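Below is start_37.txt, which holds compact mmCIF, C-alpha atoms and all ligand atoms.
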```
# COMPACT_ATOMS: atom_id res chain seq x y z
CA MET A 1087 -66.52 37.07 52.76
CA GLY A 1088 -64.48 39.45 54.85
CA PHE A 1089 -60.82 39.67 55.65
CA GLN A 1090 -58.82 37.30 57.83
CA ARG A 1091 -56.84 39.69 59.94
CA GLY A 1092 -55.48 37.40 62.68
CA ARG A 1093 -54.29 34.74 60.27
CA ALA A 1094 -52.91 37.18 57.72
CA VAL A 1095 -50.79 38.92 60.33
CA TRP A 1096 -49.50 35.61 61.63
CA LEU A 1097 -48.51 34.40 58.16
CA ALA A 1098 -46.69 37.64 57.40
CA ALA A 1099 -44.73 37.37 60.65
CA ALA A 1100 -43.83 33.74 59.91
CA MET A 1101 -42.56 34.67 56.46
CA MET A 1102 -40.41 37.51 57.82
CA LEU A 1103 -38.80 35.18 60.32
CA GLY A 1104 -38.22 32.58 57.65
CA ILE A 1105 -40.36 30.04 59.43
CA GLY A 1106 -41.64 27.36 57.10
CA ALA A 1107 -43.59 24.15 57.44
CA GLY A 1108 -40.42 22.21 58.10
CA PRO A 1109 -40.26 18.90 59.96
CA GLY A 1110 -41.12 19.16 63.63
CA LEU A 1111 -42.88 22.53 63.18
CA SER A 1112 -46.60 22.37 63.68
CA MET A 1113 -48.50 24.45 61.13
CA ALA A 1114 -51.97 23.54 62.38
CA ALA A 1115 -54.36 26.32 61.42
CA PRO A 1116 -55.63 28.36 64.36
CA PRO A 1117 -59.35 27.98 65.14
CA MET A 1118 -61.60 30.17 62.99
CA VAL A 1119 -63.99 32.60 64.63
CA LEU A 1120 -66.77 34.03 62.50
CA ALA A 1121 -67.80 37.56 63.49
CA THR A 1122 -70.85 39.24 62.00
CA THR A 1123 -69.83 42.93 62.07
CA GLY A 1124 -66.47 44.63 61.70
CA MET A 1125 -66.72 46.03 65.24
CA ILE A 1126 -67.05 42.50 66.59
CA GLY A 1127 -64.36 41.09 64.28
CA ASP A 1128 -61.91 43.75 65.42
CA THR A 1129 -62.68 43.07 69.08
CA VAL A 1130 -62.11 39.34 68.55
CA ALA A 1131 -58.86 40.00 66.63
CA SER A 1132 -57.62 42.31 69.42
CA LEU A 1133 -57.88 39.44 71.90
CA GLY A 1134 -57.06 36.51 69.63
CA GLY A 1135 -53.90 37.83 67.99
CA GLU A 1136 -52.10 35.04 66.15
CA CYS A 1137 -54.04 32.38 68.10
CA ILE A 1138 -57.33 32.99 66.30
CA ASP A 1139 -58.29 33.25 62.64
CA VAL A 1140 -61.05 35.88 62.36
CA GLU A 1141 -63.48 36.08 59.47
CA VAL A 1142 -65.88 39.01 59.24
CA LEU A 1143 -69.19 38.61 57.47
CA MET A 1144 -70.08 42.29 56.95
CA GLY A 1145 -67.43 44.58 55.50
CA PRO A 1146 -67.24 48.40 55.38
CA GLY A 1147 -70.49 50.05 54.33
CA VAL A 1148 -72.63 46.96 54.93
CA ASP A 1149 -75.87 47.48 56.87
CA PRO A 1150 -76.26 44.77 59.53
CA HIS A 1151 -80.01 45.44 59.87
CA LEU A 1152 -80.53 44.29 56.29
CA PHE A 1153 -77.69 41.78 55.75
CA GLN A 1154 -78.68 38.38 54.39
CA ALA A 1155 -76.34 35.40 54.35
CA SER A 1156 -75.28 33.87 51.03
CA ALA A 1157 -74.70 30.14 50.59
CA SER A 1158 -70.95 30.59 51.11
CA ASP A 1159 -71.62 32.61 54.29
CA VAL A 1160 -73.70 29.71 55.62
CA ARG A 1161 -70.77 27.36 54.91
CA ALA A 1162 -68.47 29.68 56.88
CA PHE A 1163 -70.92 29.51 59.80
CA GLN A 1164 -70.72 25.72 59.68
CA GLN A 1165 -66.90 25.76 59.68
CA ALA A 1166 -66.44 28.22 62.54
CA ALA A 1167 -65.12 27.06 65.90
CA LEU A 1168 -67.06 29.97 67.45
CA ILE A 1169 -69.60 32.44 66.09
CA VAL A 1170 -69.66 35.90 67.66
CA PHE A 1171 -72.58 38.13 66.78
CA ASN A 1172 -74.05 41.30 68.26
CA GLY A 1173 -77.53 40.20 69.30
CA TYR A 1174 -80.51 42.30 70.45
CA GLY A 1175 -81.90 41.81 66.95
CA LEU A 1176 -79.17 43.75 65.10
CA GLU A 1177 -78.66 40.92 62.62
CA GLY A 1178 -82.40 40.55 62.06
CA GLN A 1179 -82.10 38.67 58.76
CA LEU A 1180 -79.68 36.14 60.25
CA ASP A 1181 -81.97 34.96 63.05
CA ASN A 1182 -82.76 31.63 61.38
CA VAL A 1183 -79.15 30.87 60.44
CA LEU A 1184 -77.89 31.79 63.91
CA THR A 1185 -80.52 29.64 65.60
CA ARG A 1186 -79.88 26.67 63.32
CA VAL A 1187 -76.07 26.82 63.46
CA GLY A 1188 -76.17 27.68 67.17
CA GLU A 1189 -77.56 24.25 67.92
CA ARG A 1190 -74.29 22.69 66.78
CA ARG A 1191 -71.68 25.44 67.24
CA PRO A 1192 -70.77 27.63 70.22
CA THR A 1193 -72.08 31.17 69.77
CA LEU A 1194 -71.73 34.40 71.74
CA ALA A 1195 -74.04 37.40 71.45
CA LEU A 1196 -71.40 39.96 72.40
CA ALA A 1197 -73.67 42.96 73.01
CA GLU A 1198 -75.92 40.85 75.20
CA ALA A 1199 -72.91 39.50 77.13
CA ALA A 1200 -71.55 43.04 77.53
CA SER A 1201 -74.74 44.21 79.19
CA ALA A 1202 -75.43 41.13 81.31
CA GLU A 1203 -73.71 42.68 84.33
CA GLY A 1204 -73.47 46.43 85.00
CA PRO A 1205 -72.50 49.02 85.83
CA ARG A 1206 -73.52 50.42 82.41
CA GLU A 1207 -76.80 49.00 81.18
CA PRO A 1208 -78.45 48.53 77.79
CA MET A 1209 -81.02 51.06 76.58
CA ARG A 1210 -84.57 50.36 75.58
CA GLY A 1211 -84.89 50.24 71.81
CA THR A 1212 -87.13 52.07 69.38
CA GLY A 1213 -88.65 51.20 66.02
CA GLY A 1214 -89.45 47.56 66.80
CA TYR A 1215 -86.24 46.80 68.73
CA SER A 1216 -86.95 45.97 72.37
CA VAL A 1217 -83.32 46.76 73.27
CA ASP A 1218 -81.19 49.23 71.29
CA PRO A 1219 -78.52 46.98 69.72
CA HIS A 1220 -75.84 49.66 69.02
CA LEU A 1221 -73.82 49.04 72.20
CA TRP A 1222 -70.37 49.48 70.60
CA MET A 1223 -70.94 53.25 70.61
CA ASP A 1224 -70.31 53.35 74.39
CA ALA A 1225 -66.67 52.32 74.90
CA ALA A 1226 -67.08 51.47 78.60
CA LEU A 1227 -70.24 49.44 77.97
CA TRP A 1228 -68.56 47.52 75.13
CA ALA A 1229 -65.60 46.88 77.47
CA GLN A 1230 -67.93 44.89 79.71
CA GLY A 1231 -68.00 42.24 76.94
CA VAL A 1232 -64.22 41.76 76.89
CA THR A 1233 -64.06 39.28 79.78
CA PRO A 1234 -66.87 36.99 78.55
CA LEU A 1235 -65.35 37.05 75.04
CA ALA A 1236 -61.88 36.21 76.38
CA GLY A 1237 -63.43 33.24 78.20
CA MET A 1238 -64.97 31.85 75.00
CA LEU A 1239 -61.75 32.37 73.01
CA THR A 1240 -59.75 30.61 75.70
CA ASP A 1241 -62.11 27.64 75.42
CA ILE A 1242 -61.27 27.17 71.71
CA ALA A 1243 -57.56 28.09 72.03
CA PRO A 1244 -56.59 26.85 75.52
CA GLY A 1245 -52.86 26.99 74.74
CA CYS A 1246 -53.19 30.76 74.30
CA ALA A 1247 -55.05 31.49 77.54
CA ALA A 1248 -52.30 33.66 79.05
CA ALA A 1249 -51.82 35.70 75.87
CA ILE A 1250 -55.56 36.18 75.41
CA ASN A 1251 -55.98 37.35 79.00
CA ASP A 1252 -53.05 39.79 78.63
CA ARG A 1253 -54.59 41.24 75.50
CA ALA A 1254 -57.96 41.45 77.23
CA ASP A 1255 -56.35 43.58 79.95
CA THR A 1256 -54.84 45.86 77.31
CA LEU A 1257 -58.13 46.23 75.44
CA ASN A 1258 -59.97 46.97 78.68
CA ARG A 1259 -57.45 49.68 79.57
CA ARG A 1260 -57.70 51.16 76.08
CA LEU A 1261 -61.50 51.22 76.02
CA ARG A 1262 -61.64 52.87 79.45
CA ALA A 1263 -59.08 55.50 78.44
CA LEU A 1264 -60.99 56.08 75.22
CA ASP A 1265 -64.21 56.53 77.18
CA GLN A 1266 -62.60 59.33 79.23
CA TRP A 1267 -61.06 60.98 76.19
CA ILE A 1268 -64.37 61.06 74.30
CA GLN A 1269 -66.11 62.44 77.38
CA ALA A 1270 -63.68 65.35 77.57
CA ARG A 1271 -63.83 66.12 73.83
CA ILE A 1272 -67.62 66.27 73.75
CA ALA A 1273 -67.63 68.38 76.92
CA SER A 1274 -65.50 70.95 75.07
CA ILE A 1275 -68.36 71.67 72.61
CA PRO A 1276 -70.36 74.78 73.62
CA GLU A 1277 -73.54 73.54 75.28
CA PRO A 1278 -76.24 74.88 72.88
CA GLN A 1279 -74.42 73.28 69.92
CA ARG A 1280 -73.95 69.93 71.63
CA VAL A 1281 -76.46 68.20 69.36
CA LEU A 1282 -75.63 65.25 67.15
CA LEU A 1283 -77.99 65.25 64.21
CA THR A 1284 -77.70 62.19 62.04
CA ALA A 1285 -79.85 60.20 59.66
CA HIS A 1286 -79.94 57.05 61.76
CA ASP A 1287 -80.45 56.36 65.45
CA ALA A 1288 -77.22 54.39 65.88
CA PHE A 1289 -75.84 56.99 68.28
CA ARG A 1290 -78.19 56.87 71.29
CA TYR A 1291 -75.60 55.04 73.42
CA TYR A 1292 -72.97 57.56 72.35
CA GLY A 1293 -75.31 60.37 73.37
CA ARG A 1294 -76.03 58.86 76.78
CA ALA A 1295 -72.41 58.01 77.58
CA TYR A 1296 -70.88 61.27 76.37
CA ASP A 1297 -73.62 63.74 77.18
CA ILE A 1298 -74.57 64.95 73.73
CA ASP A 1299 -78.18 65.37 72.60
CA VAL A 1300 -78.76 62.91 69.75
CA GLN A 1301 -81.50 63.68 67.27
CA GLY A 1302 -82.25 61.25 64.47
CA ILE A 1303 -84.14 62.00 61.30
CA GLN A 1304 -85.69 58.56 61.04
CA GLY A 1305 -86.20 55.43 63.10
CA ILE A 1306 -83.60 53.03 64.41
CA SER A 1307 -83.61 50.73 61.40
CA THR A 1308 -82.23 51.85 58.07
CA SER A 1309 -84.98 49.91 56.32
CA ALA A 1310 -87.38 52.87 56.75
CA GLU A 1311 -87.24 55.93 54.49
CA ALA A 1312 -87.34 59.35 56.14
CA SER A 1313 -90.68 61.05 55.51
CA VAL A 1314 -91.21 64.64 54.38
CA ALA A 1315 -92.51 65.44 57.88
CA ASP A 1316 -89.34 63.98 59.48
CA ILE A 1317 -87.22 66.17 57.23
CA GLN A 1318 -89.24 69.34 57.99
CA ASP A 1319 -89.15 68.67 61.76
CA THR A 1320 -85.38 68.26 61.63
CA ALA A 1321 -84.97 71.50 59.65
CA ALA A 1322 -87.06 73.33 62.26
CA LEU A 1323 -84.83 72.01 65.06
CA ILE A 1324 -81.70 73.18 63.22
CA ALA A 1325 -83.13 76.68 62.80
CA GLU A 1326 -84.33 76.86 66.41
CA ARG A 1327 -81.10 75.75 68.10
CA GLY A 1328 -78.56 77.08 65.60
CA ILE A 1329 -77.00 73.66 65.07
CA PRO A 1330 -73.93 74.18 62.85
CA ALA A 1331 -73.53 70.71 61.33
CA ILE A 1332 -75.38 67.55 60.45
CA PHE A 1333 -73.71 64.19 60.00
CA VAL A 1334 -73.73 61.61 57.26
CA GLU A 1335 -73.49 58.01 58.28
CA THR A 1336 -71.60 55.78 55.88
CA THR A 1337 -74.34 53.14 55.61
CA ILE A 1338 -77.06 55.74 54.92
CA ASN A 1339 -78.20 57.19 51.64
CA PRO A 1340 -76.85 60.78 51.71
CA ARG A 1341 -79.91 62.10 49.87
CA THR A 1342 -81.88 62.18 53.14
CA VAL A 1343 -79.21 64.38 54.71
CA GLN A 1344 -79.09 66.61 51.63
CA ALA A 1345 -82.88 67.05 51.81
CA VAL A 1346 -82.56 68.26 55.42
CA VAL A 1347 -79.84 70.79 54.47
CA GLU A 1348 -82.12 72.21 51.77
CA ALA A 1349 -85.17 72.33 54.06
CA ALA A 1350 -83.11 74.19 56.69
CA ARG A 1351 -81.95 76.69 54.07
CA GLU A 1352 -85.60 77.42 53.24
CA ARG A 1353 -85.90 78.43 56.90
CA SER A 1354 -82.83 80.68 56.53
CA ALA A 1355 -80.68 78.35 58.65
CA GLU A 1356 -77.21 77.42 57.36
CA VAL A 1357 -76.13 73.95 58.34
CA SER A 1358 -73.09 72.20 56.93
CA ILE A 1359 -72.54 68.51 56.40
CA GLY A 1360 -70.11 67.59 59.16
CA GLY A 1361 -68.34 64.73 57.47
CA SER A 1362 -68.83 61.02 57.55
CA ILE A 1363 -69.31 59.27 60.85
CA HIS A 1364 -69.53 55.53 61.20
CA GLY A 1365 -72.58 53.97 62.80
CA ASP A 1366 -73.07 50.35 61.86
CA ALA A 1367 -69.85 49.47 60.02
CA LEU A 1368 -66.13 50.15 60.26
CA GLY A 1369 -64.24 52.26 57.70
CA GLU A 1370 -62.17 50.92 54.82
CA PRO A 1371 -58.92 49.12 55.76
CA GLY A 1372 -56.06 51.61 56.15
CA THR A 1373 -58.28 54.45 57.37
CA LEU A 1374 -58.48 55.68 60.98
CA ALA A 1375 -61.93 54.11 61.32
CA ASP A 1376 -60.84 50.58 60.36
CA SER A 1377 -60.93 49.38 63.98
CA LEU A 1378 -63.51 49.73 66.76
CA ILE A 1379 -61.32 52.13 68.74
CA GLY A 1380 -60.31 54.03 65.58
CA MET A 1381 -63.95 54.37 64.56
CA LEU A 1382 -64.88 55.96 67.89
CA ILE A 1383 -61.86 58.28 67.67
CA HIS A 1384 -62.77 59.22 64.08
CA ASN A 1385 -66.41 59.92 64.98
CA THR A 1386 -65.45 61.97 68.01
CA ALA A 1387 -62.92 64.02 66.04
CA GLU A 1388 -65.51 64.76 63.32
CA ILE A 1389 -68.20 65.70 65.84
CA THR A 1390 -65.90 67.80 68.03
CA ARG A 1391 -64.52 69.77 65.10
CA ALA A 1392 -67.84 70.37 63.32
CA LEU A 1393 -69.67 71.47 66.46
CA GLY A 1394 -66.98 73.85 67.71
CA GLY A 1395 -65.20 71.81 70.40
CA THR A 1396 -61.45 71.44 70.92
CA MET A 1397 -59.30 68.43 70.09
CA ALA A 1398 -56.57 67.02 72.33
CA PRO A 1399 -53.92 64.30 71.89
CA LEU A 1400 -54.92 60.74 72.69
CA PRO A 1401 -53.83 59.22 76.02
CA ALA A 1402 -50.60 57.18 75.92
CA VAL A 1403 -52.38 53.82 75.90
CA LEU A 1404 -54.05 54.84 72.60
CA ALA A 1405 -50.77 55.97 70.98
CA PRO A 1406 -51.12 53.44 68.10
CA TRP A 1407 -54.01 55.57 66.73
CA GLN A 1408 -52.38 59.00 67.14
CA GLU A 1409 -50.45 59.01 63.87
CA SER A 1410 -53.56 58.09 61.90
CA LEU A 1411 -55.54 60.79 63.68
CA ASP A 1412 -52.87 63.40 62.86
CA ALA A 1413 -52.68 62.31 59.21
CA ARG A 1414 -56.43 62.60 58.92
CA ARG A 1415 -56.38 66.19 60.18
CA VAL A 1416 -53.69 67.24 57.72
CA SER A 1417 -55.37 65.62 54.72
CA GLY A 1418 -58.86 66.59 55.88
CA GLY A 1419 -60.01 63.08 55.01
ZN ZN B 1 -78.05 50.50 63.15
```
Exercise: express the given structure as structure tokens:
Amino acid sequence: MGFQRGRAVWLAAAMMLGIGAGPGLSMAAPPMVLATTGMIGDTVASLGGECIDVEVLMGPGVDPHLFQASASDVRAFQQAALIVFNGYGLEGQLDNVLTRVGERRPTLALAEAASAEGPREPMRGTGGYSVDPHLWMDAALWAQGVTPLAGMLTDIAPGCAAAINDRADTLNRRLRALDQWIQARIASIPEPQRVLLTAHDAFRYYGRAYDIDVQGIQGISTSAEASVADIQDTAALIAERGIPAIFVETTINPRTVQAVVEAARERSAEVSIGGSIHGDALGEPGTLADSLIGMLIHNTAEITRALGGTMAPLPAVLAPWQESLDARRVSGG
């Protein structure tokens, strides 16, 4: 099972203030929300604060396309006051569990809720997905899910409605500021090099929102292996357009990427590996990419640097991430 961010923070605060379970003090546990991915768990925690106990099913490095629930995961589903998942088939192996538990528990498919009403719309999928499920890659599109999520959280924690709505406003402001910042960073990359080459098609929304040409080596699901032809085609593209860097996604076997680098070299094209970017899972706790916003900042910084763009400080509303971004640049990690 994953971490319990909301609850853990609340307990730490209570201990610092010397608050105990004394007479007259209610220590009723906050309602537990089960989130499938880290991106969803972080979004729920951002709104829920101390009012919600968040459990995340899939930790760093876990591939949601392939994830199967264990017996203890199924028990967590049954104990949750609300289950928030992505939808659009991302959690393909959980379909049965979600359907079964959904008959008795409230559920929210956050990506589907985010794209129910415009202005930004979902994209048609590839590789057996009718809709591309990777909506969190477009900050403004993901922001469209904040209001429906706040509504569901308010239903299970009505005493916290005002606080949840305040935090929803903050998250909305942050995601919109982030959207603008990413736009400007990607625009700073010289046009011919504005190509994001990665081993997995998790970045199509990112490409559409931020105007960068996204080329994948294989299909949308990580369950397929890249073929020799895929690798040769990618190497040809690198040589033709002079693309300086290719990206490794943390949930992908790096051997595929290494094979492309070698195939490009055979065509006398030098391409470097542009560092890890996060597609389907957040980074380890304590790293810049351990939150949804941090993950998008991390990815954008990696892409901008490797492809020859220019970095700029984050807007004031994203100040909590600036220190981590600066530390990352100094350490190169
Ligand atoms: Zn994916």
Do a neighbour search on Ala1405 (chain A) at 12 Å with all atoms listed in the file, toss out local chain neighbours closer than 3 positions, and write the hits as a PyMOL selection string.
chain A and resi 1260+1263-1264+1379-1380+1383+1399-1402+1408-1412
Which residue, A:Leu1120, A:Val1140, A:Ile1268, A:Pro1234, has the smallest gap to Ala1398 (chain A) when you use only C-alpha atoms?
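Selected residue with least distance to Ala1398 (chain A): A:Ile1268.
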Could you work out how far CA of Asp1218 (chain A) lies from CA of Arg1290 (chain A), giving the answer in Å with one decimal?
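Between CA of Arg1290 (chain A) and CA of Asp1218 (chain A) the gap works out to 8.2 Å.
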For the point (-66.2, 50.0, 77.6) in file coordinates, what residues are within 10 Å, counting only C-alpha atoms? Give the answer as an NGL selection string?
:A and (1200 or 1206 or 1221-1232 or 1257-1265)
The residue from A:Pro1146, A:Gly1365, A:Gly1204, A:Gly1175 with the smallest atom-to-atom distance to ligand ZN 1 (chain B), counting all atoms listed in the file, is A:Gly1365
Could you check the closest approach to Gly1135 (chain A) for each of A:Ser1216, A:Asn1251, A:Thr1185, A:Thr1193 and tell me which residue wins, using all atoms listed in the file?
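Distance minimum relative to Gly1135 (chain A) lands on A:Asn1251.
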